[in-house]
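Structure data (compact mmCIF, C-alpha atoms and all ligand atoms) from my_file-v8.txt:
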# COMPACT_ATOMS: atom_id res chain seq x y z
CA MET A 13 7.39 -31.27 -4.08
CA THR A 14 6.52 -33.06 -0.86
CA ARG A 15 6.61 -30.97 2.27
CA PRO A 16 8.37 -32.28 5.40
CA HIS A 17 6.43 -34.13 8.10
CA ILE A 18 5.57 -31.56 10.80
CA ILE A 19 5.36 -32.37 14.52
CA CYS A 20 4.10 -29.57 16.77
CA HIS A 21 6.14 -29.95 19.98
CA MET A 22 5.17 -27.87 23.02
CA ILE A 23 5.38 -27.82 26.79
CA THR A 24 2.16 -26.56 28.36
CA THR A 25 0.14 -26.33 31.54
CA LEU A 26 -2.90 -28.56 32.06
CA ASP A 27 -5.02 -25.69 30.71
CA GLY A 28 -2.94 -25.39 27.53
CA ARG A 29 -1.08 -22.19 28.40
CA LEU A 30 2.47 -21.45 27.27
CA ALA A 31 3.93 -18.69 29.46
CA THR A 32 6.57 -20.82 31.18
CA GLU A 33 7.98 -17.81 33.07
CA ARG A 34 4.76 -17.85 35.20
CA TRP A 35 5.25 -21.46 36.34
CA PRO A 36 6.80 -22.34 39.73
CA VAL A 37 9.69 -24.25 38.12
CA SER A 38 13.08 -23.25 36.67
CA GLU A 39 13.39 -22.77 32.90
CA ASP A 40 16.47 -25.05 32.96
CA ARG A 41 14.41 -27.88 34.38
CA LEU A 42 11.72 -27.41 31.72
CA LEU A 43 14.30 -27.25 28.94
CA GLN A 44 15.81 -30.56 30.04
CA VAL A 45 12.46 -32.34 29.64
CA TYR A 46 11.63 -30.46 26.44
CA ASP A 47 14.99 -31.05 24.72
CA ALA A 48 15.13 -34.74 25.72
CA ALA A 49 11.80 -35.29 23.95
CA VAL A 50 13.04 -33.46 20.83
CA GLU A 51 16.12 -35.66 20.76
CA GLU A 52 13.95 -38.78 20.80
CA MET A 53 11.96 -37.53 17.81
CA GLN A 54 15.15 -36.90 15.76
CA PRO A 55 13.97 -34.00 13.59
CA ASP A 56 16.05 -32.36 10.85
CA GLY A 57 15.28 -28.95 12.30
CA TRP A 58 12.82 -26.73 14.16
CA ILE A 59 10.42 -23.90 13.35
CA THR A 60 9.24 -20.86 15.35
CA GLY A 61 7.13 -17.77 14.83
CA ARG A 62 8.64 -14.28 14.80
CA GLU A 63 7.55 -13.49 18.35
CA THR A 64 9.18 -16.56 19.89
CA MET A 65 12.42 -16.05 17.92
CA GLY A 66 12.42 -12.45 19.21
CA HIS A 67 13.56 -13.84 22.59
CA TYR A 68 16.86 -14.83 20.95
CA MET A 69 17.66 -11.86 18.67
CA ALA A 70 16.99 -8.14 18.24
CA ALA A 71 13.93 -6.84 16.40
CA GLY A 72 13.05 -3.57 14.68
CA GLU A 73 10.60 -2.01 12.26
CA PRO A 74 9.28 -4.06 9.32
CA GLN A 75 11.56 -3.95 6.26
CA LEU A 76 9.09 -3.69 3.39
CA GLY A 77 9.50 -2.75 -0.26
CA THR A 78 6.91 -0.87 -2.30
CA ALA A 79 5.10 -3.96 -3.67
CA PRO A 80 5.33 -7.75 -3.40
CA GLU A 81 8.06 -9.09 -5.67
CA ASN A 82 8.36 -12.72 -6.75
CA ARG A 83 12.04 -13.72 -6.29
CA PRO A 84 14.04 -16.92 -6.05
CA ASP A 85 14.87 -18.24 -2.57
CA ARG A 86 18.43 -17.71 -1.29
CA ILE A 87 19.83 -20.98 -0.02
CA GLY A 88 22.91 -20.90 2.23
CA ASP A 89 25.30 -23.64 3.31
CA THR A 90 24.07 -25.82 6.18
CA ALA A 91 27.42 -27.66 6.44
CA GLY A 92 25.50 -30.73 7.60
CA ARG A 93 23.80 -28.95 10.50
CA GLY A 94 20.12 -28.94 11.43
CA LEU A 95 17.82 -26.09 10.45
CA GLY A 96 16.41 -23.32 12.67
CA ILE A 97 13.50 -21.86 10.67
CA CYS A 98 11.69 -18.64 11.56
CA PHE A 99 8.51 -17.23 9.97
CA ASP A 100 9.01 -13.43 9.98
CA ARG A 101 6.71 -12.21 7.21
CA THR A 102 7.54 -8.49 7.44
CA GLY A 103 11.28 -8.72 8.13
CA ARG A 104 11.31 -7.46 11.71
CA LEU A 105 14.04 -9.65 13.16
CA ARG A 106 17.72 -8.70 13.02
CA PRO A 107 19.81 -11.90 13.18
CA GLU A 108 23.56 -11.34 13.36
CA GLY A 109 24.70 -14.56 11.72
CA GLU A 110 23.57 -17.81 10.18
CA ASP A 111 24.56 -20.04 13.11
CA LEU A 112 21.95 -20.39 15.82
CA ASP A 113 23.24 -22.61 18.62
CA GLY A 114 24.78 -24.95 16.05
CA ASP A 115 21.87 -24.88 13.58
CA HIS A 116 21.63 -23.06 10.23
CA LEU A 117 19.18 -20.16 10.26
CA VAL A 118 16.44 -20.01 7.59
CA MET A 119 14.25 -16.88 7.51
CA VAL A 120 10.86 -17.25 5.85
CA LEU A 121 9.72 -13.86 4.56
CA SER A 122 6.79 -12.56 2.56
CA GLU A 123 7.43 -11.23 -0.94
CA ARG A 124 6.78 -7.73 0.43
CA VAL A 125 10.12 -7.67 2.29
CA SER A 126 12.63 -5.30 0.70
CA GLN A 127 15.46 -6.56 -1.50
CA ALA A 128 17.94 -4.69 0.70
CA HIS A 129 16.88 -6.73 3.75
CA VAL A 130 17.01 -9.99 1.79
CA ASP A 131 20.50 -9.12 0.47
CA HIS A 132 21.66 -8.27 3.99
CA LEU A 133 20.46 -11.62 5.40
CA ALA A 134 22.03 -13.50 2.48
CA SER A 135 25.34 -11.63 3.00
CA LEU A 136 25.40 -13.11 6.52
CA GLY A 137 25.00 -16.60 5.05
CA ILE A 138 21.38 -16.85 6.26
CA SER A 139 18.99 -18.72 3.97
CA VAL A 140 15.88 -16.83 2.82
CA VAL A 141 12.71 -18.59 1.65
CA PHE A 142 9.62 -16.70 0.47
CA SER A 143 6.06 -17.43 1.61
CA GLY A 144 3.96 -15.61 -0.98
CA PRO A 145 2.87 -11.96 -1.31
CA GLU A 146 1.50 -11.68 2.26
CA GLY A 147 3.38 -14.50 3.99
CA ALA A 148 0.37 -16.81 3.94
CA ASP A 149 1.83 -19.52 1.68
CA LEU A 150 3.14 -21.67 4.51
CA ALA A 151 2.74 -24.91 2.52
CA GLY A 152 4.72 -23.60 -0.46
CA ALA A 153 7.55 -22.37 1.76
CA LEU A 154 7.73 -25.72 3.60
CA ALA A 155 7.76 -27.71 0.36
CA ARG A 156 10.65 -25.63 -1.02
CA ILE A 157 12.56 -25.93 2.29
CA GLY A 158 12.13 -29.70 2.05
CA ALA A 159 13.41 -29.77 -1.53
CA ALA A 160 16.30 -27.30 -1.05
CA PHE A 161 17.72 -28.85 2.13
CA GLY A 162 16.59 -32.46 1.77
CA VAL A 163 14.78 -32.36 5.12
CA THR A 164 11.84 -34.68 5.79
CA ARG A 165 10.96 -34.13 9.47
CA LEU A 166 10.64 -30.83 11.35
CA VAL A 167 9.36 -29.86 14.78
CA LEU A 168 7.15 -26.79 15.07
CA GLU A 169 8.02 -25.09 18.37
CA GLY A 170 5.51 -22.26 18.67
CA GLY A 171 4.27 -19.96 19.84
CA GLY A 172 0.54 -20.35 19.67
CA ARG A 173 -0.06 -18.01 16.75
CA ILE A 174 2.27 -19.76 14.32
CA ASN A 175 1.04 -23.15 15.64
CA GLY A 176 -2.54 -21.99 15.02
CA ALA A 177 -1.75 -20.85 11.48
CA PHE A 178 -0.10 -24.20 10.68
CA LEU A 179 -2.99 -26.17 12.20
CA SER A 180 -5.59 -24.16 10.34
CA ALA A 181 -3.72 -24.67 7.05
CA GLY A 182 -3.67 -28.46 7.63
CA LEU A 183 0.12 -28.51 7.99
CA ILE A 184 0.51 -30.34 11.30
CA ASP A 185 0.85 -34.12 10.98
CA GLU A 186 1.53 -34.93 14.63
CA THR A 187 1.35 -33.18 17.97
CA SER A 188 3.85 -33.78 20.76
CA THR A 189 2.57 -32.24 23.97
CA LEU A 190 4.39 -32.19 27.29
CA VAL A 191 1.84 -31.38 29.99
CA HIS A 192 3.53 -29.96 33.08
CA PRO A 193 1.62 -30.47 36.36
CA THR A 194 0.69 -26.79 36.60
CA VAL A 195 -2.59 -25.00 35.98
CA ASP A 196 -2.04 -21.42 34.81
CA GLY A 197 -5.62 -20.33 35.41
CA GLN A 198 -5.26 -16.85 33.93
CA GLY A 199 -7.49 -16.00 30.95
CA GLY A 200 -5.73 -14.46 27.98
CA VAL A 201 -2.32 -16.06 28.58
CA PRO A 202 -0.94 -17.36 25.21
CA ALA A 203 -2.32 -20.81 24.43
CA ILE A 204 -0.81 -23.72 22.56
CA TYR A 205 -2.93 -23.15 19.42
CA ASP A 206 -4.04 -19.53 19.06
CA HIS A 207 -5.36 -18.84 15.56
CA ALA A 208 -6.84 -15.34 15.21
CA ALA A 209 -9.07 -16.11 12.20
CA ASP A 210 -11.93 -18.61 11.99
CA THR A 211 -10.80 -22.20 12.11
CA ARG A 212 -12.26 -25.61 12.86
CA PRO A 213 -11.44 -28.22 15.51
CA ARG A 214 -9.26 -31.17 14.46
CA THR A 215 -9.59 -34.84 15.34
CA LEU A 216 -6.52 -36.53 16.82
CA GLU A 217 -5.55 -40.17 17.29
CA LEU A 218 -3.50 -41.06 20.36
CA MET A 219 -0.10 -42.57 19.46
CA SER A 220 1.52 -42.79 22.92
CA VAL A 221 1.45 -41.48 26.48
CA THR A 222 4.48 -41.65 28.77
CA THR A 223 5.45 -40.07 32.08
CA ARG A 224 8.67 -38.06 32.20
CA GLU A 225 10.65 -36.34 34.98
CA ASP A 226 8.78 -34.11 37.47
CA GLY A 227 5.39 -35.67 36.66
CA VAL A 228 5.33 -34.30 33.12
CA VAL A 229 3.02 -36.32 30.85
CA TRP A 230 4.15 -36.64 27.22
CA MET A 231 1.29 -37.23 24.80
CA ARG A 232 1.83 -37.85 21.12
CA HIS A 233 -1.08 -37.67 18.68
CA ARG A 234 -1.54 -38.09 14.95
CA VAL A 235 -3.72 -35.40 13.31
CA LEU A 236 -6.47 -37.24 11.43
CA SER A 237 -8.54 -34.49 9.81
N1 LIG B 301 5.74 -23.34 26.28
C1 LIG B 301 6.29 -23.53 25.09
O1 LIG B 301 6.61 -24.66 24.68
C2 LIG B 301 6.52 -22.32 24.20
C3 LIG B 301 7.12 -22.49 22.97
C4 LIG B 301 7.27 -21.39 22.13
C5 LIG B 301 6.82 -20.14 22.55
N2 LIG B 301 6.27 -19.98 23.75
C6 LIG B 301 5.78 -18.65 24.18
O2 LIG B 301 4.76 -18.22 23.30
C7 LIG B 301 4.78 -16.80 23.22
C8 LIG B 301 4.80 -16.31 21.77
O3 LIG B 301 3.73 -16.85 21.08
P1 LIG B 301 2.95 -16.00 20.00
O4 LIG B 301 1.79 -16.80 19.58
O5 LIG B 301 2.72 -14.65 20.55
O6 LIG B 301 4.00 -15.77 18.82
P2 LIG B 301 4.66 -16.71 17.68
O7 LIG B 301 3.71 -17.76 17.24
O8 LIG B 301 6.04 -17.10 18.13
O9 LIG B 301 4.86 -15.64 16.54
C9 LIG B 301 3.73 -15.08 15.92
C10 LIG B 301 4.21 -14.23 14.79
O10 LIG B 301 4.69 -15.03 13.72
C11 LIG B 301 4.60 -14.26 12.53
N3 LIG B 301 4.01 -15.01 11.41
C12 LIG B 301 4.61 -15.26 10.22
N4 LIG B 301 3.81 -15.90 9.39
C13 LIG B 301 2.64 -16.06 10.04
C14 LIG B 301 1.39 -16.64 9.68
N5 LIG B 301 1.18 -17.19 8.47
N6 LIG B 301 0.40 -16.64 10.59
C15 LIG B 301 0.60 -16.12 11.83
N7 LIG B 301 1.75 -15.53 12.22
C16 LIG B 301 2.76 -15.51 11.32
C17 LIG B 301 3.73 -13.06 12.86
O11 LIG B 301 4.61 -11.95 13.02
P3 LIG B 301 4.25 -10.55 12.29
O12 LIG B 301 2.99 -10.10 12.92
O13 LIG B 301 5.43 -9.70 12.55
O14 LIG B 301 4.06 -10.89 10.85
C18 LIG B 301 3.09 -13.40 14.19
O15 LIG B 301 2.80 -12.28 14.97
C19 LIG B 301 6.03 -16.33 23.90
O16 LIG B 301 5.70 -15.77 25.13
C20 LIG B 301 6.84 -17.60 24.06
O17 LIG B 301 7.67 -17.57 25.19
C21 LIG B 301 6.10 -21.04 24.61
Could the structure of this file be written out as structure tokens, please?
Amino acid sequence: MTRPHIICHMITTLDGRLATERWPVSEDRLLQVYDAAVEEMQPDGWITGRETMGHYMAAGEPQLGTAPENRPDRIGDTAGRGLGICFDRTGRLRPEGEDLDGDHLVMVLSERVSQAHVDHLASLGISVVFSGPEGADLAGALARIGAAFGVTRLVLEGGGRINGAFLSAGLIDETSTLVHPTVDGQGGVPAIYDHAADTRPRTLELMSVTTREDGVVWMRHRVLS
């Protein structure tokens, strides 16, 4: 199984920080630049971490069973729509339906998540894909998503912790970085790649640089090694 091509697409300050609510610019304005770039890249769907998706739906306590259980994925009907994929390894998010702004929701869970929670998500038409006993098998989950839905190109849309986990696992093929003319300056603000465990720097090759609205610079890089 070949996994989809992954492009990490983010809008950041010059110092690589992500907390857009701190910037002296409206979110609508940022979204216009951000979404226009996504449209140009024509992905089959997008990916976020649990924390970022928590801005769009309720969250609660983890929904864990007694032990990891190897189970088949539950694949819903996309009806030709794009995919919105969220990595929520302990089952904390509480989506209310499978449609997310016109995209089909796919929840990626660890094998520790309870069968009751999986059945509930599937009853809403949401697709469920497993990512190993502890949620660390990102590559396996992506390969099965590619095979089940026939998708070949996905954008990874943060935040920094899921981006960092993907980068560290060698799962980012390209980066797409919109640098807004702002310096955040505050230490500890979430950064574009924020892996908690040991990792190594990666070498990039510049593919293109263009200037967008409001002085935003759009850099695209290929990840070499
Ligand atoms: N400027 C931008 O373009 C942009 C884009 C997106 C987000 N953001 C901002 O970034 C911030 C959130 O970033 P974040 O880094 O805190 O959160 P995140 O990357 O959205 O989510 C991190 C969570 O993903 C879950 N996860 C599942 N599998 C994982 C794995 N293998 N490795 C690591 N995590 C895994 C974990 O949840 P559990 O601990 O529950 O397992 C982890 O805590 C928000 O403030 C958001 O607004 C900015």
Find the residues around Arg156 in chain A up to 8 Å (only C-alpha atoms counted), leave out those fewer than 5 positions away in its own chain, and share them as number ranges by chain. A: 13, 15, 141
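In terms of minimum interatomic distance to ligand LIG 301 (chain B), A:Glu63 ranks closest within A:Glu63, A:Asp149, A:Asp226, A:Asp131, counting all atoms listed in the file.
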Need to verify the contact set: Val201 in chain A, 9 Å, only C-alpha atoms, exclusion of same-chain residues closer than 6 positions in sequence. Can you return it as a PDB file with C-alpha atoms, in the coordinates of the input?
ATOM      1  CA  ARG A  29      -1.080 -22.190  28.400  1.00  0.00           C
ATOM      2  CA  LEU A  30       2.470 -21.450  27.270  1.00  0.00           C
ATOM      3  CA  ALA A  31       3.930 -18.690  29.460  1.00  0.00           C
TER       4      ALA A  31
END
8 Å shell around ligand LIG 301 (chain B) using all atoms listed in the file, listed as a ChimeraX atom specification: /A:21-24,29-33,46,60-67,74,98-104,120-121,147-150,169-178,202-207
Create the file for the chosen residues now, containing C-alpha atoms and written as a PDB file, in the coordinates of the input.
ATOM      1  CA  HIS A  21       6.140 -29.950  19.980  1.00  0.00           C
ATOM      2  CA  MET A  22       5.170 -27.870  23.020  1.00  0.00           C
ATOM      3  CA  ILE A  23       5.380 -27.820  26.790  1.00  0.00           C
ATOM      4  CA  THR A  24       2.160 -26.560  28.360  1.00  0.00           C
ATOM      5  CA  ARG A  29      -1.080 -22.190  28.400  1.00  0.00           C
ATOM      6  CA  LEU A  30       2.470 -21.450  27.270  1.00  0.00           C
ATOM      7  CA  ALA A  31       3.930 -18.690  29.460  1.00  0.00           C
ATOM      8  CA  THR A  32       6.570 -20.820  31.180  1.00  0.00           C
ATOM      9  CA  GLU A  33       7.980 -17.810  33.070  1.00  0.00           C
ATOM     10  CA  TYR A  46      11.630 -30.460  26.440  1.00  0.00           C
ATOM     11  CA  THR A  60       9.240 -20.860  15.350  1.00  0.00           C
ATOM     12  CA  GLY A  61       7.130 -17.770  14.830  1.00  0.00           C
ATOM     13  CA  ARG A  62       8.640 -14.280  14.800  1.00  0.00           C
ATOM     14  CA  GLU A  63       7.550 -13.490  18.350  1.00  0.00           C
ATOM     15  CA  THR A  64       9.180 -16.560  19.890  1.00  0.00           C
ATOM     16  CA  MET A  65      12.420 -16.050  17.920  1.00  0.00           C
ATOM     17  CA  GLY A  66      12.420 -12.450  19.210  1.00  0.00           C
ATOM     18  CA  HIS A  67      13.560 -13.840  22.590  1.00  0.00           C
ATOM     19  CA  PRO A  74       9.280  -4.060   9.320  1.00  0.00           C
ATOM     20  CA  CYS A  98      11.690 -18.640  11.560  1.00  0.00           C
ATOM     21  CA  PHE A  99       8.510 -17.230   9.970  1.00  0.00           C
ATOM     22  CA  ASP A 100       9.010 -13.430   9.980  1.00  0.00           C
ATOM     23  CA  ARG A 101       6.710 -12.210   7.210  1.00  0.00           C
ATOM     24  CA  THR A 102       7.540  -8.490   7.440  1.00  0.00           C
ATOM     25  CA  GLY A 103      11.280  -8.720   8.130  1.00  0.00           C
ATOM     26  CA  ARG A 104      11.310  -7.460  11.710  1.00  0.00           C
ATOM     27  CA  VAL A 120      10.860 -17.250   5.850  1.00  0.00           C
ATOM     28  CA  LEU A 121       9.720 -13.860   4.560  1.00  0.00           C
ATOM     29  CA  GLY A 147       3.380 -14.500   3.990  1.00  0.00           C
ATOM     30  CA  ALA A 148       0.370 -16.810   3.940  1.00  0.00           C
ATOM     31  CA  ASP A 149       1.830 -19.520   1.680  1.00  0.00           C
ATOM     32  CA  LEU A 150       3.140 -21.670   4.510  1.00  0.00           C
ATOM     33  CA  GLU A 169       8.020 -25.090  18.370  1.00  0.00           C
ATOM     34  CA  GLY A 170       5.510 -22.260  18.670  1.00  0.00           C
ATOM     35  CA  GLY A 171       4.270 -19.960  19.840  1.00  0.00           C
ATOM     36  CA  GLY A 172       0.540 -20.350  19.670  1.00  0.00           C
ATOM     37  CA  ARG A 173      -0.060 -18.010  16.750  1.00  0.00           C
ATOM     38  CA  ILE A 174       2.270 -19.760  14.320  1.00  0.00           C
ATOM     39  CA  ASN A 175       1.040 -23.150  15.640  1.00  0.00           C
ATOM     40  CA  GLY A 176      -2.540 -21.990  15.020  1.00  0.00           C
ATOM     41  CA  ALA A 177      -1.750 -20.850  11.480  1.00  0.00           C
ATOM     42  CA  PHE A 178      -0.100 -24.200  10.680  1.00  0.00           C
ATOM     43  CA  PRO A 202      -0.940 -17.360  25.210  1.00  0.00           C
ATOM     44  CA  ALA A 203      -2.320 -20.810  24.430  1.00  0.00           C
ATOM     45  CA  ILE A 204      -0.810 -23.720  22.560  1.00  0.00           C
ATOM     46  CA  TYR A 205      -2.930 -23.150  19.420  1.00  0.00           C
ATOM     47  CA  ASP A 206      -4.040 -19.530  19.060  1.00  0.00           C
ATOM     48  CA  HIS A 207      -5.360 -18.840  15.560  1.00  0.00           C
TER      49      HIS A 207
END
Could you list, as a ChimeraX atom specification, every residue within 10 Å of Pro193 in chain A, counting only C-alpha atoms and ignoring same-chain residues fewer than 6 positions away? /A:24-27,35,226-229
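You can rank A:Leu236, A:Ile97, A:Leu136, A:Leu117 by their closest distance to Trp58 in chain A using all atoms listed in the file, and at the top of that list sits A:Ile97.
For the pair CA of Asp113 in chain A and CA of Asp56 in chain A, the interatomic distance is 14.4 Å.
For the pair CA of Arg214 in chain A and CA of Gln44 in chain A, the separation is 29.5 Å.
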Would you work out the distance separating CA of Pro16 in chain A from CA of Asp40 in chain A, expressed in Å to one decimal? 29.6 Å
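Proximity ranking of A:Arg106, A:Arg93, A:Arg165, A:Arg86 relative to Ala71 in chain A places A:Arg106 first, based on all atoms listed in the file.
Nearest to Gly152 in chain A of all the residues A:Leu190, A:Ala134, A:Ala91, A:Leu183 is A:Leu183, counting all atoms listed in the file.
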Restricting to all atoms listed in the file, whichever of A:Arg232, A:Ile184, A:Pro107, A:Ser143 is closest to His17 in chain A is A:Ile184
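Distances from A:Thr222, A:Thr14, A:Gln198, A:Ser188 to Met53 in chain A were compared using all atoms listed in the file, and the smallest one belongs to A:Ser188.
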Using all atoms listed in the file, which residues sit within 10 Å of Ser139 in chain A once same-chain residues fewer than 6 positions away are excluded, as a short mmCIF file (atom, residue, chain, number, x, y, z; two decimals) with C-alpha atoms, in the coordinates of the input?
data_model
loop_
_atom_site.label_atom_id
_atom_site.label_comp_id
_atom_site.auth_asym_id
_atom_site.auth_seq_id
_atom_site.Cartn_x
_atom_site.Cartn_y
_atom_site.Cartn_z
CA ASP A 85 14.87 -18.24 -2.57
CA ARG A 86 18.43 -17.71 -1.29
CA ILE A 87 19.83 -20.98 -0.02
CA GLY A 88 22.91 -20.90 2.23
CA ASP A 89 25.30 -23.64 3.31
CA THR A 90 24.07 -25.82 6.18
CA LEU A 95 17.82 -26.09 10.45
CA ILE A 97 13.50 -21.86 10.67
CA GLU A 110 23.57 -17.81 10.18
CA HIS A 116 21.63 -23.06 10.23
CA LEU A 117 19.18 -20.16 10.26
CA VAL A 118 16.44 -20.01 7.59
CA MET A 119 14.25 -16.88 7.51
CA VAL A 120 10.86 -17.25 5.85
CA VAL A 130 17.01 -9.99 1.79
CA LEU A 133 20.46 -11.62 5.40
CA ILE A 157 12.56 -25.93 2.29
#
For range 158-173 of chain A, where the input has fewer atoms than it should, I would like N, CA and C atoms rebuilt and written as a JSON list (two decimals), keeping the file's coordinate frame.
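To be explicit, this is the file written out as rebuild12.json:
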[["chain", "number", "residue", "atom", "x", "y", "z"],
["A", 158, "GLY", "N", 11.88, -28.26, 2.14],
["A", 158, "GLY", "CA", 12.13, -29.70, 2.05],
["A", 158, "GLY", "C", 13.00, -30.04, 0.85],
["A", 159, "ALA", "N", 12.68, -29.45, -0.30],
["A", 159, "ALA", "CA", 13.41, -29.77, -1.53],
["A", 159, "ALA", "C", 14.83, -29.20, -1.48],
["A", 160, "ALA", "N", 14.98, -27.97, -1.00],
["A", 160, "ALA", "CA", 16.30, -27.30, -1.05],
["A", 160, "ALA", "C", 17.29, -27.94, -0.08],
["A", 161, "PHE", "N", 16.80, -28.35, 1.10],
["A", 161, "PHE", "CA", 17.72, -28.85, 2.13],
["A", 161, "PHE", "C", 17.64, -30.37, 2.32],
["A", 162, "GLY", "N", 16.72, -31.00, 1.63],
["A", 162, "GLY", "CA", 16.59, -32.46, 1.77],
["A", 162, "GLY", "C", 16.10, -32.86, 3.15],
["A", 163, "VAL", "N", 15.27, -32.01, 3.78],
["A", 163, "VAL", "CA", 14.78, -32.36, 5.12],
["A", 163, "VAL", "C", 13.38, -32.99, 5.01],
["A", 164, "THR", "N", 13.12, -33.96, 5.88],
["A", 164, "THR", "CA", 11.84, -34.68, 5.79],
["A", 164, "THR", "C", 11.03, -34.59, 7.08],
["A", 165, "ARG", "N", 11.65, -34.07, 8.17],
["A", 165, "ARG", "CA", 10.96, -34.13, 9.47],
["A", 165, "ARG", "C", 11.36, -32.90, 10.27],
["A", 166, "LEU", "N", 10.36, -32.08, 10.61],
["A", 166, "LEU", "CA", 10.64, -30.83, 11.35],
["A", 166, "LEU", "C", 9.72, -30.74, 12.55],
["A", 167, "VAL", "N", 10.24, -30.13, 13.64],
["A", 167, "VAL", "CA", 9.36, -29.86, 14.78],
["A", 167, "VAL", "C", 8.97, -28.39, 14.77],
["A", 168, "LEU", "N", 7.69, -28.15, 14.97],
["A", 168, "LEU", "CA", 7.15, -26.79, 15.07],
["A", 168, "LEU", "C", 7.10, -26.45, 16.56],
["A", 169, "GLU", "N", 7.83, -25.37, 16.94],
["A", 169, "GLU", "CA", 8.02, -25.09, 18.37],
["A", 169, "GLU", "C", 7.37, -23.79, 18.83],
["A", 170, "GLY", "N", 6.29, -23.38, 18.16],
["A", 170, "GLY", "CA", 5.51, -22.26, 18.67],
["A", 170, "GLY", "C", 6.02, -20.89, 18.26],
["A", 171, "GLY", "N", 5.34, -19.88, 18.88],
["A", 171, "GLY", "CA", 4.27, -19.96, 19.84],
["A", 171, "GLY", "C", 2.91, -20.29, 19.22],
["A", 172, "GLY", "N", 1.89, -19.96, 20.01],
["A", 172, "GLY", "CA", 0.54, -20.35, 19.67],
["A", 172, "GLY", "C", 0.02, -19.80, 18.35],
["A", 173, "ARG", "N", 0.48, -18.60, 17.98],
["A", 173, "ARG", "CA", -0.06, -18.01, 16.75],
["A", 173, "ARG", "C", 0.46, -18.73, 15.51]]
